[in-house]
>>> print(open('run07.csv').read())   # CSV, C-alpha atoms
chain,number,residue,atom,x,y,z
A,1,MET,CA,33.0,-90.3,-215.6
A,2,ALA,CA,33.9,-93.2,-213.4
A,3,ASN,CA,33.0,-96.7,-214.6
A,4,ASP,CA,31.0,-98.7,-212.2
A,5,ILE,CA,33.2,-101.1,-210.4
A,6,ASP,CA,31.6,-103.7,-208.3
A,7,ILE,CA,33.4,-104.0,-205.0
A,8,ASN,CA,32.0,-107.5,-204.5
A,9,ASN,CA,33.9,-108.7,-207.6
A,10,ILE,CA,37.3,-107.2,-207.2
A,11,ASN,CA,39.9,-108.8,-209.6
A,12,SER,CA,43.4,-109.4,-208.6
A,13,TYR,CA,44.7,-106.5,-210.7
A,14,HIS,CA,42.4,-104.0,-208.9
A,15,LEU,CA,43.4,-105.5,-205.6
A,16,ASP,CA,47.1,-104.8,-206.4
A,17,VAL,CA,46.3,-101.2,-207.3
A,18,LEU,CA,44.4,-100.7,-204.1
A,19,LYS,CA,47.3,-102.2,-202.2
A,20,GLU,CA,49.6,-99.8,-203.9
A,21,ILE,CA,47.3,-96.9,-202.9
A,22,GLY,CA,47.6,-98.1,-199.3
A,23,ASN,CA,51.4,-98.5,-199.6
A,24,ILE,CA,51.9,-95.0,-201.0
A,25,GLY,CA,49.4,-93.3,-198.8
A,26,ALA,CA,50.3,-95.0,-195.6
A,27,GLY,CA,54.0,-94.9,-196.5
A,28,ASN,CA,53.9,-91.2,-196.5
A,29,ALA,CA,51.9,-91.1,-193.3
A,30,ALA,CA,54.4,-93.4,-191.7
A,31,THR,CA,57.2,-91.1,-192.8
A,32,ALA,CA,55.4,-88.1,-191.3
A,33,LEU,CA,54.9,-89.9,-188.0
A,34,ALA,CA,58.6,-91.0,-188.0
A,35,LYS,CA,59.7,-87.4,-188.5
A,36,MET,CA,57.3,-86.1,-185.8
A,37,LEU,CA,58.6,-88.6,-183.3
A,38,ASP,CA,62.1,-88.9,-184.6
A,39,LYS,CA,61.7,-92.7,-184.4
A,40,LYS,CA,61.7,-95.5,-186.9
A,41,ILE,CA,58.2,-96.6,-187.9
A,42,ASP,CA,57.6,-99.8,-189.7
A,43,MET,CA,54.7,-100.6,-191.9
A,44,LYS,CA,53.2,-104.0,-192.9
A,45,VAL,CA,51.9,-104.9,-196.4
A,46,PRO,CA,48.5,-103.4,-196.7
A,47,GLN,CA,45.4,-105.5,-196.5
A,48,ILE,CA,42.4,-105.0,-198.7
A,49,ARG,CA,39.3,-106.1,-196.8
A,50,VAL,CA,36.0,-106.5,-198.5
A,51,MET,CA,33.6,-107.5,-195.7
A,52,LYS,CA,30.0,-108.2,-195.2
A,53,PHE,CA,28.6,-105.9,-192.6
A,54,SER,CA,28.0,-108.8,-190.3
A,55,GLU,CA,31.8,-109.5,-190.3
A,56,VAL,CA,32.9,-105.9,-189.6
A,57,SER,CA,32.8,-106.0,-185.8
A,58,ASP,CA,35.2,-108.9,-185.6
A,59,VAL,CA,38.1,-106.9,-187.0
A,60,LEU,CA,40.7,-105.7,-184.5
A,61,GLY,CA,40.6,-108.3,-181.9
A,62,GLY,CA,36.9,-108.4,-181.2
A,63,ALA,CA,33.9,-106.0,-181.3
A,64,GLU,CA,34.1,-105.2,-177.6
A,65,SER,CA,37.9,-104.5,-177.2
A,66,GLU,CA,38.5,-100.9,-176.2
A,67,VAL,CA,40.4,-98.9,-178.8
A,68,VAL,CA,41.2,-95.3,-179.6
A,69,GLY,CA,39.7,-94.2,-183.0
A,70,ILE,CA,40.5,-91.0,-184.8
A,71,LEU,CA,38.1,-90.5,-187.7
A,72,LEU,CA,38.3,-87.9,-190.5
A,73,GLY,CA,35.7,-87.4,-193.3
A,74,VAL,CA,37.3,-87.3,-196.7
A,75,ASN,CA,35.8,-85.1,-199.4
A,76,GLY,CA,36.5,-83.3,-202.7
A,77,ASP,CA,36.7,-85.7,-205.7
A,78,ILE,CA,36.7,-88.7,-203.3
A,79,ASN,CA,34.2,-89.2,-200.5
A,80,GLY,CA,34.6,-91.5,-197.5
A,81,ASN,CA,36.5,-91.7,-194.3
A,82,ILE,CA,39.9,-92.2,-193.0
A,83,LEU,CA,40.2,-93.9,-189.6
A,84,PHE,CA,43.2,-94.4,-187.5
A,85,VAL,CA,42.9,-97.0,-184.7
A,86,LEU,CA,45.2,-97.7,-181.8
A,87,ASP,CA,44.9,-100.0,-178.8
A,88,LEU,CA,45.0,-98.0,-175.5
A,89,ILE,CA,48.6,-98.8,-174.6
A,90,SER,CA,49.9,-97.9,-178.1
A,91,ALA,CA,47.9,-94.6,-177.9
A,92,ARG,CA,49.4,-93.9,-174.5
A,93,ARG,CA,53.0,-94.5,-175.7
A,94,LEU,CA,52.4,-92.4,-178.8
A,95,VAL,CA,51.2,-89.5,-176.8
A,96,ASN,CA,54.1,-89.8,-174.3
A,97,MET,CA,56.6,-89.9,-177.2
A,98,LEU,CA,55.0,-86.9,-178.8
A,99,MET,CA,55.0,-84.9,-175.6
A,100,GLY,CA,58.4,-86.0,-174.6
A,101,ARG,CA,57.3,-87.7,-171.4
A,102,PRO,CA,58.7,-90.8,-169.8
A,103,LEU,CA,56.8,-94.0,-170.7
A,104,ASN,CA,53.9,-95.1,-168.5
A,105,ASP,CA,50.9,-97.3,-169.1
A,106,GLU,CA,48.2,-94.9,-167.9
A,107,ILE,CA,45.2,-95.5,-170.1
A,108,GLU,CA,43.1,-92.5,-169.2
A,109,PHE,CA,43.5,-89.5,-171.5
A,110,ASN,CA,43.0,-85.9,-170.5
A,111,SER,CA,41.7,-83.4,-172.9
A,112,MET,CA,45.1,-82.2,-174.0
A,113,GLU,CA,46.2,-85.7,-174.7
A,114,CYS,CA,43.1,-86.3,-176.7
A,115,SER,CA,43.9,-83.2,-178.7
A,116,ALA,CA,47.4,-84.6,-179.3
A,117,LEU,CA,45.9,-87.8,-180.6
A,118,GLN,CA,43.6,-85.9,-182.9
A,119,GLU,CA,46.5,-83.9,-184.2
A,120,ILE,CA,48.4,-87.1,-184.9
A,121,GLY,CA,45.4,-88.3,-186.8
A,122,ASN,CA,45.3,-85.0,-188.7
A,123,ILE,CA,48.9,-85.1,-189.7
A,124,LEU,CA,48.8,-88.8,-190.7
A,125,ALA,CA,45.6,-88.4,-192.7
A,126,GLY,CA,46.9,-85.2,-194.3
A,127,SER,CA,50.1,-86.9,-195.5
A,128,TYR,CA,48.2,-90.0,-196.6
A,129,LEU,CA,45.7,-88.0,-198.7
A,130,SER,CA,48.2,-85.5,-200.1
A,131,SER,CA,50.3,-88.4,-201.5
A,132,LEU,CA,47.1,-89.9,-202.9
A,133,SER,CA,46.1,-86.6,-204.4
A,134,ASN,CA,49.5,-86.2,-206.1
A,135,LEU,CA,49.3,-89.7,-207.4
A,136,THR,CA,45.8,-89.5,-208.9
A,137,ASN,CA,45.5,-85.8,-209.7
A,138,LEU,CA,42.3,-85.7,-207.8
A,139,ARG,CA,41.3,-83.1,-205.3
A,140,ILE,CA,41.2,-84.9,-201.9
A,141,LEU,CA,40.6,-83.0,-198.6
A,142,SER,CA,40.0,-84.1,-195.1
A,143,ASP,CA,37.7,-82.7,-192.4
A,144,ILE,CA,38.5,-81.9,-188.8
A,145,PRO,CA,39.3,-85.1,-186.9
A,146,GLY,CA,36.9,-86.7,-184.3
A,147,LEU,CA,38.1,-88.9,-181.5
A,148,ALA,CA,36.4,-91.8,-179.8
A,149,ILE,CA,37.7,-94.2,-177.2
A,150,ASP,CA,35.3,-97.1,-177.1
A,151,MET,CA,34.4,-100.5,-178.5
A,152,ALA,CA,36.2,-101.4,-181.7
A,153,GLY,CA,32.9,-102.6,-183.3
A,154,ALA,CA,31.1,-99.4,-182.6
A,155,ILE,CA,34.0,-97.3,-184.0
A,156,LEU,CA,34.5,-99.4,-187.1
A,157,SER,CA,30.8,-99.3,-187.9
A,158,VAL,CA,30.8,-95.5,-188.4
A,159,PRO,CA,32.7,-95.5,-191.8
A,160,ALA,CA,30.8,-98.7,-192.7
A,161,ILE,CA,27.4,-97.0,-192.5
A,162,GLU,CA,28.3,-94.7,-195.4
A,163,PHE,CA,28.5,-97.8,-197.5
A,164,GLY,CA,25.2,-99.1,-196.3
A,165,LYS,CA,23.1,-97.0,-198.7
A,166,SER,CA,24.8,-98.3,-201.8
A,167,SER,CA,26.2,-101.7,-200.9
A,168,ASP,CA,26.0,-104.7,-198.6
A,169,THR,CA,29.7,-104.9,-198.2
A,170,VAL,CA,32.4,-102.4,-197.1
A,171,LEU,CA,35.9,-101.9,-198.4
A,172,TYR,CA,38.7,-101.1,-196.1
A,173,ILE,CA,42.3,-100.4,-197.2
A,174,GLU,CA,44.1,-101.3,-194.1
A,175,ASN,CA,47.7,-100.6,-193.1
A,176,GLU,CA,49.4,-101.6,-189.9
A,177,PHE,CA,52.1,-99.4,-188.4
A,178,THR,CA,54.5,-100.5,-185.7
A,179,TYR,CA,57.2,-98.9,-183.7
A,180,GLY,CA,59.6,-101.2,-181.9
A,181,VAL,CA,58.7,-104.9,-181.6
A,182,ASP,CA,55.1,-104.3,-180.4
A,183,SER,CA,55.3,-101.1,-178.4
A,184,VAL,CA,53.1,-99.1,-180.7
A,185,VAL,CA,50.7,-100.8,-183.1
A,186,GLY,CA,48.2,-98.8,-185.1
A,187,ASP,CA,45.9,-99.5,-188.0
A,188,PHE,CA,45.1,-97.0,-190.7
A,189,PHE,CA,41.9,-97.5,-192.7
A,190,LEU,CA,41.0,-95.7,-195.9
A,191,VAL,CA,37.3,-96.3,-196.5
A,192,PRO,CA,36.3,-94.7,-199.8
A,193,ASP,CA,32.6,-94.9,-200.7
A,194,GLU,CA,31.7,-97.1,-203.6
A,195,ILE,CA,31.7,-94.3,-206.3
A,196,SER,CA,35.0,-93.0,-205.0
A,197,TYR,CA,36.5,-96.4,-205.2
A,198,GLY,CA,35.8,-96.5,-208.9
A,199,ARG,CA,37.1,-92.9,-209.3
A,200,LEU,CA,40.3,-93.8,-207.6
A,201,LEU,CA,40.9,-96.7,-209.9
A,202,ASN,CA,39.9,-94.7,-213.0
A,203,ALA,CA,42.2,-91.8,-212.0
A,204,LEU,CA,45.1,-94.3,-212.0
A,205,GLY,CA,44.1,-95.5,-215.5
A,206,VAL,CA,42.6,-98.7,-214.2
A,207,ALA,CA,39.1,-99.6,-215.0
B,1,MET,CA,20.0,-126.3,-174.5
B,2,LEU,CA,21.0,-122.7,-173.7
B,3,GLU,CA,22.4,-121.2,-176.9
B,4,VAL,CA,23.8,-117.7,-177.3
B,5,ILE,CA,23.2,-116.6,-180.9
B,6,ARG,CA,25.1,-113.7,-182.3
B,7,VAL,CA,23.5,-111.1,-184.5
B,8,GLY,CA,25.9,-109.2,-186.8
B,9,MET,CA,25.6,-105.7,-188.1
B,10,ALA,CA,22.7,-105.4,-190.6
B,11,ASP,CA,21.4,-108.8,-189.5
B,12,LEU,CA,18.5,-110.2,-187.6
B,13,LYS,CA,17.7,-113.5,-185.7
B,14,VAL,CA,14.8,-115.0,-183.8
B,15,ALA,CA,14.9,-117.8,-181.2
B,16,ARG,CA,12.9,-119.8,-178.7
B,17,HIS,CA,13.5,-120.4,-175.0
B,18,PRO,CA,16.1,-120.9,-173.6
B,19,SER,CA,18.2,-119.1,-176.2
B,20,ILE,CA,19.9,-115.8,-175.8
B,21,LEU,CA,20.4,-113.3,-178.7
B,22,THR,CA,23.3,-110.9,-178.6
B,23,THR,CA,24.8,-108.2,-180.8
B,24,LEU,CA,28.2,-106.6,-180.1
B,25,GLY,CA,29.5,-103.1,-180.3
B,26,LEU,CA,26.5,-101.1,-181.4
B,27,GLY,CA,27.6,-97.6,-182.3
B,28,SER,CA,25.1,-95.5,-184.2
B,29,CYS,CA,23.3,-98.6,-185.2
B,30,VAL,CA,20.2,-99.5,-183.2
B,31,GLY,CA,19.5,-102.9,-181.6
B,32,VAL,CA,15.7,-103.7,-181.6
B,33,ALA,CA,14.8,-106.5,-179.2
B,34,LEU,CA,11.3,-108.0,-179.4
B,35,TYR,CA,9.8,-110.3,-176.8
B,36,ASP,CA,6.7,-112.5,-176.5
B,37,SER,CA,6.6,-113.4,-172.8
B,38,LYS,CA,3.8,-116.0,-173.2
B,39,ASN,CA,5.5,-118.0,-175.8
B,40,ARG,CA,9.0,-117.0,-174.7
B,41,ILE,CA,10.1,-116.1,-178.2
B,42,ILE,CA,12.7,-113.4,-178.8
B,43,GLY,CA,14.0,-111.5,-181.8
B,44,LEU,CA,16.8,-109.1,-182.3
B,45,ALA,CA,17.7,-106.9,-185.2
B,46,HIS,CA,20.9,-104.8,-185.7
B,47,ILE,CA,19.6,-101.8,-187.7
B,48,MET,CA,22.1,-99.7,-189.6
B,49,LEU,CA,20.1,-97.2,-191.5
B,50,PRO,CA,16.7,-95.6,-191.1
B,51,SER,CA,15.0,-96.2,-194.4
B,52,SER,CA,15.4,-98.6,-197.4
B,53,LYS,CA,13.8,-95.9,-199.6
B,54,ILE,CA,16.9,-93.8,-199.7
B,55,ALA,CA,19.2,-96.7,-200.6
B,56,THR,CA,20.3,-98.0,-203.9
B,57,ALA,CA,21.2,-101.4,-202.5
B,58,ASN,CA,18.3,-102.6,-200.4
B,59,ALA,CA,18.6,-106.3,-201.0
B,60,ASN,CA,19.5,-106.9,-197.3
B,61,ARG,CA,16.3,-105.9,-195.6
B,62,ALA,CA,17.7,-106.4,-192.1
B,63,LYS,CA,19.9,-103.3,-192.7
B,64,PHE,CA,17.0,-100.8,-192.5
B,65,ALA,CA,14.5,-99.9,-189.8
B,66,ASP,CA,11.5,-99.9,-192.1
B,67,THR,CA,12.1,-103.4,-193.6
B,68,GLY,CA,14.2,-105.0,-190.9
B,69,ILE,CA,11.6,-104.6,-188.1
B,70,VAL,CA,8.8,-105.9,-190.3
B,71,ASP,CA,10.9,-109.0,-191.2
B,72,LEU,CA,11.8,-109.5,-187.5
B,73,LEU,CA,8.1,-109.5,-186.6
B,74,GLU,CA,7.3,-111.9,-189.4
B,75,GLN,CA,10.0,-114.4,-188.5
B,76,MET,CA,8.9,-114.4,-184.9
B,77,VAL,CA,5.3,-115.0,-185.8
B,78,ALA,CA,6.5,-117.8,-188.1
B,79,ILE,CA,8.1,-119.7,-185.2
B,80,GLY,CA,5.1,-119.2,-183.0
B,81,ALA,CA,5.1,-115.7,-181.5
B,82,ASN,CA,1.8,-113.8,-181.2
B,83,LYS,CA,2.0,-110.3,-182.4
B,84,ASN,CA,-0.3,-109.0,-179.7
B,85,ASN,CA,2.1,-110.2,-177.0
B,86,LEU,CA,5.1,-108.4,-178.4
B,87,VAL,CA,6.9,-105.7,-176.5
B,88,ALA,CA,10.1,-103.9,-177.7
B,89,LYS,CA,13.3,-102.7,-176.1
B,90,ILE,CA,15.7,-100.6,-178.1
B,91,ALA,CA,19.3,-99.6,-177.5
B,92,GLY,CA,22.1,-97.9,-179.5
B,93,GLY,CA,21.8,-94.9,-181.8
B,94,ALA,CA,24.9,-93.2,-180.3
B,95,GLN,CA,27.0,-90.5,-182.0
B,96,MET,CA,30.4,-92.1,-181.6
B,97,PHE,CA,32.5,-89.1,-182.9
B,98,ASN,CA,32.0,-85.5,-182.1
B,99,PHE,CA,32.9,-83.0,-184.8
B,100,ALA,CA,32.8,-79.3,-185.0
B,101,GLY,CA,30.7,-79.2,-188.1
B,102,THR,CA,28.4,-82.2,-187.6
B,103,ASN,CA,26.9,-83.3,-190.8
B,104,GLU,CA,23.9,-85.5,-191.6
B,105,THR,CA,25.9,-88.7,-191.7
B,106,MET,CA,27.1,-88.1,-188.2
B,107,LYS,CA,23.6,-87.7,-186.8
B,108,ILE,CA,22.7,-91.1,-188.2
B,109,GLY,CA,22.4,-92.5,-184.7
B,110,ALA,CA,19.5,-90.2,-183.7
B,111,ARG,CA,17.9,-90.8,-187.1
B,112,ASN,CA,18.1,-94.6,-186.6
B,113,SER,CA,16.5,-94.4,-183.2
B,114,GLU,CA,13.7,-92.1,-184.4
B,115,ALA,CA,12.9,-94.3,-187.4
B,116,THR,CA,12.8,-97.4,-185.2
B,117,ARG,CA,10.3,-95.7,-182.9
B,118,VAL,CA,8.1,-94.7,-185.8
B,119,VAL,CA,8.1,-98.2,-187.3
B,120,LEU,CA,7.3,-99.9,-184.0
B,121,LYS,CA,4.5,-97.5,-183.5
B,122,GLU,CA,3.1,-98.3,-186.9
B,123,LEU,CA,3.2,-102.0,-186.0
B,124,ASN,CA,1.5,-101.3,-182.7
B,125,ILE,CA,4.4,-102.8,-180.7
B,126,PRO,CA,5.0,-100.8,-177.5
B,127,ILE,CA,8.5,-99.8,-176.6
B,128,ILE,CA,8.7,-100.6,-172.8
B,129,SER,CA,12.2,-99.3,-172.3
B,130,GLU,CA,15.1,-97.8,-174.2
B,131,ASP,CA,18.7,-96.8,-173.8
B,132,THR,CA,19.6,-94.7,-176.8
B,133,GLY,CA,21.8,-91.7,-177.8
B,134,GLY,CA,24.9,-90.6,-176.0
B,135,ASN,CA,28.4,-91.0,-177.5
B,136,HIS,CA,29.3,-94.5,-176.4
B,137,GLY,CA,29.1,-98.0,-177.8
B,138,ARG,CA,26.8,-100.8,-176.4
B,139,THR,CA,26.7,-104.5,-176.4
B,140,ILE,CA,23.2,-105.9,-175.8
B,141,GLU,CA,21.8,-109.3,-174.9
B,142,ILE,CA,18.2,-110.4,-174.8
B,143,SER,CA,17.1,-113.3,-172.7
B,144,SER,CA,14.2,-115.5,-173.6
B,145,GLU,CA,13.9,-116.5,-169.9
B,146,ASP,CA,12.4,-113.1,-168.8
B,147,GLY,CA,12.9,-110.7,-171.7
B,148,LYS,CA,15.5,-108.8,-169.9
B,149,LEU,CA,17.8,-106.8,-172.1
B,150,MET,CA,21.3,-106.4,-170.8
B,151,VAL,CA,23.2,-103.3,-172.0
B,152,LYS,CA,27.0,-103.4,-171.5
B,153,THR,CA,29.2,-100.4,-172.1
B,154,ILE,CA,32.8,-99.3,-171.5
B,155,GLY,CA,32.8,-96.6,-168.8
B,156,TYR,CA,29.0,-96.5,-168.3
B,157,GLY,CA,28.7,-99.9,-166.6
B,158,VAL,CA,26.1,-102.6,-167.2
B,159,LYS,CA,22.3,-102.1,-166.9
B,160,TYR,CA,19.2,-104.2,-167.5
B,161,LEU,CA,16.2,-102.9,-169.3
>>> encode(input="run07.csv", output="structure tokens")
Amino acid sequence: MANDIDINNINSYHLDVLKEIGNIGAGNAATALAKMLDKKIDMKVPQIRVMKFSEVSDVLGGAESEVVGILLGVNGDINGNILFVLDLISARRLVNMLMGRPLNDEIEFNSMECSALQEIGNILAGSYLSSLSNLTNLRILSDIPGLAIDMAGAILSVPAIEFGKSSDTVLYIENEFTYGVDSVVGDFFLVPDEISYGRLLNALGVA
Amino acid sequence: MLEVIRVGMADLKVARHPSILTTLGLGSCVGVALYDSKNRIIGLAHIMLPSSKIATANANRAKFADTGIVDLLEQMVAIGANKNNLVAKIAGGAQMFNFAGTNETMKIGARNSEATRVVLKELNIPIISEDTGGNHGRTIEISSEDGKLMVKTIGYGVKYL
């Protein structure tokens, strides 16, 4: 049984463990992406964000900035969401690379390109979660991805709402991916619900 | 002095003329704007969940339709609004992501809108216009000048309720 761990009072040890979860999960996802595109993908040190709901919309360059969001529900022993967010230009470049097309900066996406983006989300989330599953010995599965191209605030609020029932803050384990200097920049968020957060730490022998 | 006051997610604010209240990037959350035209007092709540009764953490009353709207009304009355003058405009309650097997959580937008209507009806505050549902985000702004509610979207333009 998981101990109750209060996300409002994370100690530095827990913070390090969460960062490591982000490192391993996103590291695997970055490797999968690098293989898929045959390109070198870099990853920044993960950030653990514990935010009040009122602060959520300010992440990612403002609540109204238009982004591509690919969201997958996470279930099994862990519940929550995994969210991959790209700015429009990055999403376009990623799609073009995946489909072997010359680069352009067209920011409208047709249905096949949307499917491609969802598939990228699927593969990234799959590799993130399978490494996490191996690490913790927990059964962690993901649902079919959903795609939205809209305001960052509206997209980021979706995984936050899950938290609303049991908390007044939300925990994001965030990783930034880059390809080239700034040609593709994406953010990967693991948002476990509050119980799952404790379970994750417990499974890693931390409590 | 004209002041634009921001209302965050799970938050609420009230203001007198000539202030403007705004909330950015509503997804499945619902923005509830109340207006007293005689006293030119406005209130705006950014509702995240339908009911405080299903929650284990309900300290933040602004988060829920049932408690948030009641508090919004009280705070408006406290700064001089008359309950009998109040009218409501609501926006938001979208379903941002479309999934094959849509579960309860994903329908939260529609449930938020419905709960908001029920609470306003119980309080006898008429909803004079609304822009809810769909699958897109909204930014809204209520003016204390005339009670107009601006709804801004990406791809669906700007409209005034």
>>> atom_distance(input="run07.csv", atom1="CA of Glu130 in chain B", atom2="CA of Ser113 in chain B")
9.7 Å
>>> residues_around(input="run07.csv", residues="Gly137 in chain B", least_positions_apart="4", cutoff="6 Å", atoms="all atoms listed in the file", output="list in words")
Met151 and Ala154 of chain A; Gly25, Leu26 and Gly27 of chain B
>>> interface_residues(input="run07.csv", of="chain B", to="chain A", cutoff="9 Å", atoms="all atoms listed in the file", output="ChimeraX atom specification")
/B:7-11,24-29,48-49,52,54-60,63,95-101,105-106,108,135-139,153-155
>>> residues_around(input="run07.csv", residues="Ile47 in chain B", least_positions_apart="3", cutoff="9 Å", atoms="only C-alpha atoms", output="MDAnalysis selection string")
chainID B and resid 9:12 29:32 50 62:65 68:69 112 116
>>> atom_distance(input="run07.csv", atom1="CA of Asn23 in chain A", atom2="CA of Val95 in chain A")
24.5 Å
